[in-house]
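These notes concern the structure reproduced below.
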Protein chains: 2
Amino acid sequence: MSDLARRLGVSVATVSNALSGKGRVSPELAETIRRTAERAGYVPSHAGRALRTGKTGTIGLIVPDLSNPLFPTFAQAIERAAKRRGYAVLLADSLDDAGQQAREISTLLARGADALIVIPRRGTQIEHIPVPLALLDSLATAGNTVASDHRGGGILIGQHLREQGHRNVLILAGNETSTVAGERVAGLREGLGSDVKLTTVHSLASLQAGLEQGHKFQPGSATAIACAYDTLALGVLSALAQRGIKVPEDVSVTGFDDLIWGQISHPPLTTVRQNFNEIAEIAIGFVTGEIDRGQLVPVEMVMRSSTAAPAKVSSSPLQGAV
Amino acid sequence: MSDLARRLGVSVATVSNALSGKGRVSPELAETIRRTAERAGYVPSHAGRALRTGKTGTIGLIVPDLSNPLFPTFAQAIERAAKRRGYAVLLADSLDDAGQQAREISTLLARGADALIVIPRRGTQIEHIPVPLALLDSLATAGNTVASDHRGGGILIGQHLREQGHRNVLILAGNETSTVAGERVAGLREGLGSDVKLTTVHSLASLQAGLEQGHKFQPGSATAIACAYDTLALGVLSALAQRGIKVPEDVSVTGFDDLIWGQISHPPLTTVRQNFNEIAEIAIGFVTGEIDRGQLVPVEMVMRSSTAAPAKVSSSPLQGAV
DNA sequence: CTGAAAGCGCTTACAG
DNA sequence: CTGAAAGCGCTTACAG
């Protein structure tokens with residue numbers, strides 16, 4: 001900047017004022033300075049500005065595990081929303097470990113992140129953060145949480161299954177300590193209604209766990225398998241296909257998240273879609289002070305062909321007539 | 001830091017020296033300073049250091065599209081390798097657009113990234129970068145490229161198919177402008193040998209494109225479909241299943257990348273696995289000056305059950321005897 | 001409308 | 001072994 005000032009015969013203060021466009025410089029001079037700066041390829045130093053203003057224009061994003069197919073979508077949406085407001089994002093992967101998450105928070109803070117967005121590792125508490133923080137999680141507890149209406153999604157699926165006539169449902173509930181999973185399951189129960197027989201099984205939310213559950217499944221023990229995650233549902237679908245158990249004829253299956261792979265599974269998966277862009281917009285808007293509290297973002301059911309009315313094995317009129 | 005210095009009755013220079021551990025301070029004093037800093041929760045300002053040293057301890061990572069399932073794995077590996085050396089990563093998504101990629105490079109540079117790692121958008125040239133740059137792409141052209149041996153992987157698959165007796169292969173080659181895809185296909189051709197009938201089709205490298213190709217496929221027109229990407233192969237598998245075309249009985253299918261979804265497809269997909277961690281280590285090592293040039297990273301074939309010897313429709317002894 | 005000066009928090013010669 | 005001083009590149013009152 002001082003090079004530029006010398007070359008133009010003005011002070012650095014004037015260059016700064018011209019470039020920041022605060023209008024303390026005559027329009028003509030400002031224009032000249034801007035043009036010269038442009039031509040010289042001058043780019044203001046972020047470090048200088050950061051030191052002076054105390055702001056880095058940087059937002060820290062902590063995800064639990066980038067190799068879990070759910071989180072890159074979040075990361076992409078966040079990065080885009082941040083970029084639109086001139087922020088860059090510092091990415092940290094907590095490797096699904098609470099200690100690592102804490103360490104990432106400190107590093108990001110030490111690096112001067114102006115705000116933090118964290119998709120918290122399940123069962124984890126985050127407190128005493130000196131910068132604006134948005135949690136991408138579940139319950140809008142502290143006013144700083146932005147979340148999909150997981151419970152609402154569960155209700156949608158539950159009602160859908162109920163309307164189709166399912167009265168005996170196996171719920172693959174994912175991890176017991178996850179509040180997201182907890183809400184999805186609570187919604188499922190609510191939508192299904194209290195007169196429906198429910199069996200709940202907890203496990204990791206992985207493809208592998210879905211595969212295992214699919215292999216364990218006793219045909220006839222339930223008419224539908226409602227999963228808290230697409231990864232589980234996709235694993236289940238694969239295992240059932242291997243065993244020759246037909247979906248949805250023998251059993252209905254539902255997921256949660258709308259991963260693209262649910263479009264090519266056999267059959268395509270009925271699931272719930274989150275609105276990532278809106279979540280990202282709200283999260284960034286919240287930490288940048290544009291909006292004053294987080295909120296619940298509506299969710300949408302995606303009906304495909306993995307669900308159908310249960311086969312009327314013992315009570316069908318036809319069979320009864322035989 | 002000046003707070004700390006005042007409290008301890010020493011100079012900021014001494015605090016700085018003690019904390020950086022360069023040994024210009026007596027061990028006892030250094031220890032006292034370190035303890036006090038720790039207890040006070042003192043964290044050095046990155047902005048101050050950056051302004052003084054000209055280094056931010058930050059590496060910019062540009063990916064073409066985080067929603068493409070291939071790139072988060074890279075991002076995770078890079079972040080981990082960077083973290084191990086005390087670097088943080090600034091994430092930028094170029095949204096598969098060359099202009100956006102150029103803009104991201106400038107922003108990252110303006111933010112003082114000490115180095116850049118870019119997974120370039122296909123067909124794109126990157127030049128005149130004033131910081132160390134590693135390209136995660138294909139050919140080790142400029143000495144600053146770190147890449148999987150895509151060609152070698154293609155050869156492995158090609159030979160495998162050849163050994164099984166395939167002499168008529170459809171190659172789904174992905175995007176024509178992608179050098180990665182180009183090398184994979186070149187390897188495929190080489191492994192297959194010159195006496196094999198080849199049909200090459202270009203398309204996007206998406207699931208959707210795979211689905212379309214799978215629907216177009218004429219049974220009998222080839223005994224194997226070799227895809228340059230798992231996304232293509234998975235789409236093909238799904239379309240073929242829908243049409244009742246059996247894999248590998250009616251046609252063999254291979255992919256490239258080893259996405260986890262290839263484990264639960266029907267049948268599980270024969271493909272090629274990249275060593276992401278090694279690529280990340282080399283890339284980071286290269287831009288931090290630990291190693292002096294990029295290199296080709298070996299690749300591994302993952303044999304599953306989507307490939308088999310072609311059915312001997314017209315030349316089988318049995319059929320001939322009828 | 002423009003400029004001189006101070007100061008953000010560090011690190012690094014240099015002097016003692 | 002320790003400290004005083006300079007300077008990295010900005011921005012922001014303040015003075016003119």
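In the structure tokens, chains take the letters A, B, ... in the order shown, each chain's residues start at 1, and ligands count up from 1 in the order shown.
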
Using 8 Å as the limit and counting only C-alpha atoms (C1' of nucleotides), can you tabulate each residue of chain D that touches chain B, with its shortest atom-to-atom distance in Å and the two atoms involved, as a Markdown table?
| residue | atom | partner | partner_atom | distance |
| --- | --- | --- | --- | --- |
| D:DC1 | C1' | B:Val25 | CA | 6.0 |
| D:DT2 | C1' | B:Thr14 | CA | 6.9 |
| D:DG3 | C1' | B:Ser11 | CA | 6.2 |
| D:DG7 | C1' | B:Arg52 | CA | 7.9 |
| D:DC8 | C1' | B:Arg52 | CA | 4.3 |
| D:DG9 | C1' | B:Leu51 | CA | 7.1 |

How about saving the chosen residues, C-alpha atoms (C1' of nucleotides) kept, as an mmCIF file, in the first residue's frame?
data_model
loop_
_atom_site.group_PDB
_atom_site.id
_atom_site.type_symbol
_atom_site.label_atom_id
_atom_site.label_comp_id
_atom_site.auth_asym_id
_atom_site.auth_seq_id
_atom_site.Cartn_x
_atom_site.Cartn_y
_atom_site.Cartn_z
ATOM 1 C "C1'" DC D 1 20.399 -13.838 29.638
ATOM 2 C "C1'" DT D 2 17.282 -9.855 28.927
ATOM 3 C "C1'" DG D 3 15.312 -5.484 27.016
ATOM 4 C "C1'" DG D 7 8.604 -2.549 11.599
ATOM 5 C "C1'" DC D 8 5.257 -5.921 9.217
ATOM 6 C "C1'" DG D 9 0.376 -3.345 6.550
#

Dump as a PDB file with N, CA and C atoms, in the first residue's frame the residues of chain A that approach chain B to within 8 Å, counting only C-alpha atoms.
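Output saved as part-v2.pdb:
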ATOM      1  N   VAL A  43      -3.315  -6.003  -3.869  1.00  0.00           N
ATOM      2  CA  VAL A  43      -4.307  -6.693  -3.044  1.00  0.00           C
ATOM      3  C   VAL A  43      -4.002  -6.376  -1.584  1.00  0.00           C
ATOM      4  N   PRO A  44      -4.944  -5.781  -0.876  1.00  0.00           N
ATOM      5  CA  PRO A  44      -4.677  -5.406   0.517  1.00  0.00           C
ATOM      6  C   PRO A  44      -4.280  -6.621   1.347  1.00  0.00           C
ATOM      7  N   SER A  45      -3.420  -6.424   2.285  1.00  0.00           N
ATOM      8  CA  SER A  45      -2.993  -7.524   3.147  1.00  0.00           C
ATOM      9  C   SER A  45      -4.033  -7.801   4.219  1.00  0.00           C
ATOM     10  N   HIS A  46      -4.479  -9.045   4.220  1.00  0.00           N
ATOM     11  CA  HIS A  46      -5.460  -9.412   5.241  1.00  0.00           C
ATOM     12  C   HIS A  46      -4.863  -9.362   6.632  1.00  0.00           C
ATOM     13  N   ALA A  47      -3.582  -9.703   6.730  1.00  0.00           N
ATOM     14  CA  ALA A  47      -2.953  -9.725   8.048  1.00  0.00           C
ATOM     15  C   ALA A  47      -2.942  -8.320   8.654  1.00  0.00           C
ATOM     16  N   GLY A  48      -2.570  -7.341   7.832  1.00  0.00           N
ATOM     17  CA  GLY A  48      -2.555  -5.958   8.312  1.00  0.00           C
ATOM     18  C   GLY A  48      -3.931  -5.521   8.778  1.00  0.00           C
ATOM     19  N   ALA A  50      -6.424  -7.429   9.604  1.00  0.00           N
ATOM     20  CA  ALA A  50      -6.868  -8.237  10.736  1.00  0.00           C
ATOM     21  C   ALA A  50      -6.280  -7.695  12.036  1.00  0.00           C
ATOM     22  N   LEU A  51      -5.012  -7.353  11.974  1.00  0.00           N
ATOM     23  CA  LEU A  51      -4.344  -6.873  13.183  1.00  0.00           C
ATOM     24  C   LEU A  51      -4.974  -5.560  13.649  1.00  0.00           C
ATOM     25  N   LEU A  66     -15.821 -35.806   7.596  1.00  0.00           N
ATOM     26  CA  LEU A  66     -16.059 -35.448   6.210  1.00  0.00           C
ATOM     27  C   LEU A  66     -16.288 -36.668   5.324  1.00  0.00           C
ATOM     28  N   SER A  67     -15.900 -37.838   5.815  1.00  0.00           N
ATOM     29  CA  SER A  67     -16.095 -39.016   4.969  1.00  0.00           C
ATOM     30  C   SER A  67     -17.503 -39.580   5.128  1.00  0.00           C
ATOM     31  N   PRO A  69     -21.072 -39.206   4.188  1.00  0.00           N
ATOM     32  CA  PRO A  69     -21.620 -38.516   3.006  1.00  0.00           C
ATOM     33  C   PRO A  69     -22.589 -37.386   3.313  1.00  0.00           C
ATOM     34  N   PRO A  72     -20.334 -33.329   3.716  1.00  0.00           N
ATOM     35  CA  PRO A  72     -19.845 -32.492   2.617  1.00  0.00           C
ATOM     36  C   PRO A  72     -20.929 -31.571   2.066  1.00  0.00           C
ATOM     37  N   THR A  73     -22.142 -32.063   2.032  1.00  0.00           N
ATOM     38  CA  THR A  73     -23.247 -31.235   1.547  1.00  0.00           C
ATOM     39  C   THR A  73     -23.404 -30.007   2.433  1.00  0.00           C
ATOM     40  N   ALA A  75     -21.020 -28.721   4.284  1.00  0.00           N
ATOM     41  CA  ALA A  75     -19.818 -27.911   4.114  1.00  0.00           C
ATOM     42  C   ALA A  75     -19.923 -27.060   2.852  1.00  0.00           C
ATOM     43  N   GLN A  76     -20.420 -27.671   1.798  1.00  0.00           N
ATOM     44  CA  GLN A  76     -20.545 -26.935   0.552  1.00  0.00           C
ATOM     45  C   GLN A  76     -21.522 -25.768   0.684  1.00  0.00           C
ATOM     46  N   GLU A  79     -19.968 -23.039   2.881  1.00  0.00           N
ATOM     47  CA  GLU A  79     -18.901 -22.317   2.182  1.00  0.00           C
ATOM     48  C   GLU A  79     -19.510 -21.308   1.210  1.00  0.00           C
ATOM     49  N   ARG A  80     -20.546 -21.747   0.522  1.00  0.00           N
ATOM     50  CA  ARG A  80     -21.173 -20.861  -0.448  1.00  0.00           C
ATOM     51  C   ARG A  80     -21.843 -19.658   0.230  1.00  0.00           C
ATOM     52  N   ALA A  88     -14.332 -16.279   4.300  1.00  0.00           N
ATOM     53  CA  ALA A  88     -13.708 -17.534   3.881  1.00  0.00           C
ATOM     54  C   ALA A  88     -13.935 -18.552   4.987  1.00  0.00           C
ATOM     55  N   VAL A  89     -13.912 -19.820   4.639  1.00  0.00           N
ATOM     56  CA  VAL A  89     -14.097 -20.798   5.708  1.00  0.00           C
ATOM     57  C   VAL A  89     -12.894 -21.681   5.943  1.00  0.00           C
ATOM     58  N   LEU A  90     -12.580 -21.753   7.217  1.00  0.00           N
ATOM     59  CA  LEU A  90     -11.487 -22.571   7.718  1.00  0.00           C
ATOM     60  C   LEU A  90     -12.116 -23.902   8.108  1.00  0.00           C
ATOM     61  N   LEU A  91     -11.677 -24.955   7.478  1.00  0.00           N
ATOM     62  CA  LEU A  91     -12.323 -26.254   7.678  1.00  0.00           C
ATOM     63  C   LEU A  91     -11.595 -27.112   8.702  1.00  0.00           C
ATOM     64  N   ALA A  92     -12.358 -27.682   9.611  1.00  0.00           N
ATOM     65  CA  ALA A  92     -11.745 -28.603  10.574  1.00  0.00           C
ATOM     66  C   ALA A  92     -12.610 -29.842  10.710  1.00  0.00           C
ATOM     67  N   ASP A  93     -11.959 -30.968  10.723  1.00  0.00           N
ATOM     68  CA  ASP A  93     -12.656 -32.239  10.849  1.00  0.00           C
ATOM     69  C   ASP A  93     -12.357 -32.766  12.244  1.00  0.00           C
ATOM     70  N   ALA A 110      -7.781 -19.412  17.990  1.00  0.00           N
ATOM     71  CA  ALA A 110      -6.431 -18.848  17.982  1.00  0.00           C
ATOM     72  C   ALA A 110      -6.119 -18.228  16.624  1.00  0.00           C
ATOM     73  N   ARG A 111      -6.698 -18.806  15.599  1.00  0.00           N
ATOM     74  CA  ARG A 111      -6.463 -18.280  14.265  1.00  0.00           C
ATOM     75  C   ARG A 111      -7.366 -17.099  13.941  1.00  0.00           C
ATOM     76  N   GLY A 112      -8.122 -16.696  14.934  1.00  0.00           N
ATOM     77  CA  GLY A 112      -8.902 -15.479  14.774  1.00  0.00           C
ATOM     78  C   GLY A 112     -10.197 -15.629  14.006  1.00  0.00           C
ATOM     79  N   GLY A 235     -28.037 -49.770   3.511  1.00  0.00           N
ATOM     80  CA  GLY A 235     -27.420 -51.028   3.936  1.00  0.00           C
ATOM     81  C   GLY A 235     -28.475 -52.122   4.081  1.00  0.00           C
ATOM     82  N   SER A 238     -29.672 -53.391   0.744  1.00  0.00           N
ATOM     83  CA  SER A 238     -28.694 -54.263   0.098  1.00  0.00           C
ATOM     84  C   SER A 238     -28.736 -55.665   0.704  1.00  0.00           C
ATOM     85  N   TRP A 261     -27.712 -41.701  -3.534  1.00  0.00           N
ATOM     86  CA  TRP A 261     -27.700 -43.151  -3.756  1.00  0.00           C
ATOM     87  C   TRP A 261     -29.063 -43.771  -3.528  1.00  0.00           C
ATOM     88  N   ILE A 264     -30.848 -44.658  -6.774  1.00  0.00           N
ATOM     89  CA  ILE A 264     -30.505 -45.812  -7.615  1.00  0.00           C
ATOM     90  C   ILE A 264     -30.577 -47.123  -6.854  1.00  0.00           C
ATOM     91  N   SER A 265     -31.030 -47.076  -5.609  1.00  0.00           N
ATOM     92  CA  SER A 265     -31.171 -48.330  -4.889  1.00  0.00           C
ATOM     93  C   SER A 265     -32.370 -49.068  -5.473  1.00  0.00           C
ATOM     94  N   HIS A 266     -32.460 -50.331  -5.109  1.00  0.00           N
ATOM     95  CA  HIS A 266     -33.599 -51.128  -5.584  1.00  0.00           C
ATOM     96  C   HIS A 266     -34.403 -51.597  -4.413  1.00  0.00           C
TER      97      HIS A 266
END

Between atom CA of Glu127 of chain A and atom CA of Val287 of chain A, measure the distance and give it in Å to one decimal.
15.4 Å

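Here atom CA of Pro219 of chain A stands at a distance of 12.7 Å from atom CA of Val253 of chain A.
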
Could you pull out the alpha helix (DSSP H) residues of segment 81-237 of chain B from DSSP and send them as a PyMOL selection string?
chain B and resi 81-84+98-110+150-163+179-192+207-216+230-237

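For the atom pair formed by atom CA of Phe286 of chain B and atom CA of Gln125 of chain B, the distance is 19.4 Å, given to one decimal.
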
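Proximity of A:Ile245, A:Ile284, A:Cys227, A:Ala115 to Ile171 of chain A, computed with only C-alpha atoms, is greatest for A:Cys227.
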
Residues within 9 Å of Thr200 of chain A, only C-alpha atoms (C1' of nucleotides), excluding chain neighbours under 3 positions, as a short mmCIF file (atom, residue, chain, number, x, y, z; two decimals) with C-alpha atoms, in the first residue's frame:
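So the final result, stored in around-v2.cif, reads:
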data_model
loop_
_atom_site.label_atom_id
_atom_site.label_comp_id
_atom_site.auth_asym_id
_atom_site.auth_seq_id
_atom_site.Cartn_x
_atom_site.Cartn_y
_atom_site.Cartn_z
CA VAL A 169 -42.59 -51.36 12.66
CA LEU A 170 -38.91 -51.92 13.27
CA ILE A 171 -37.09 -48.66 13.94
CA LEU A 172 -33.38 -48.54 13.23
CA ALA A 173 -32.68 -45.62 15.46
CA VAL A 185 -37.23 -41.40 16.14
#
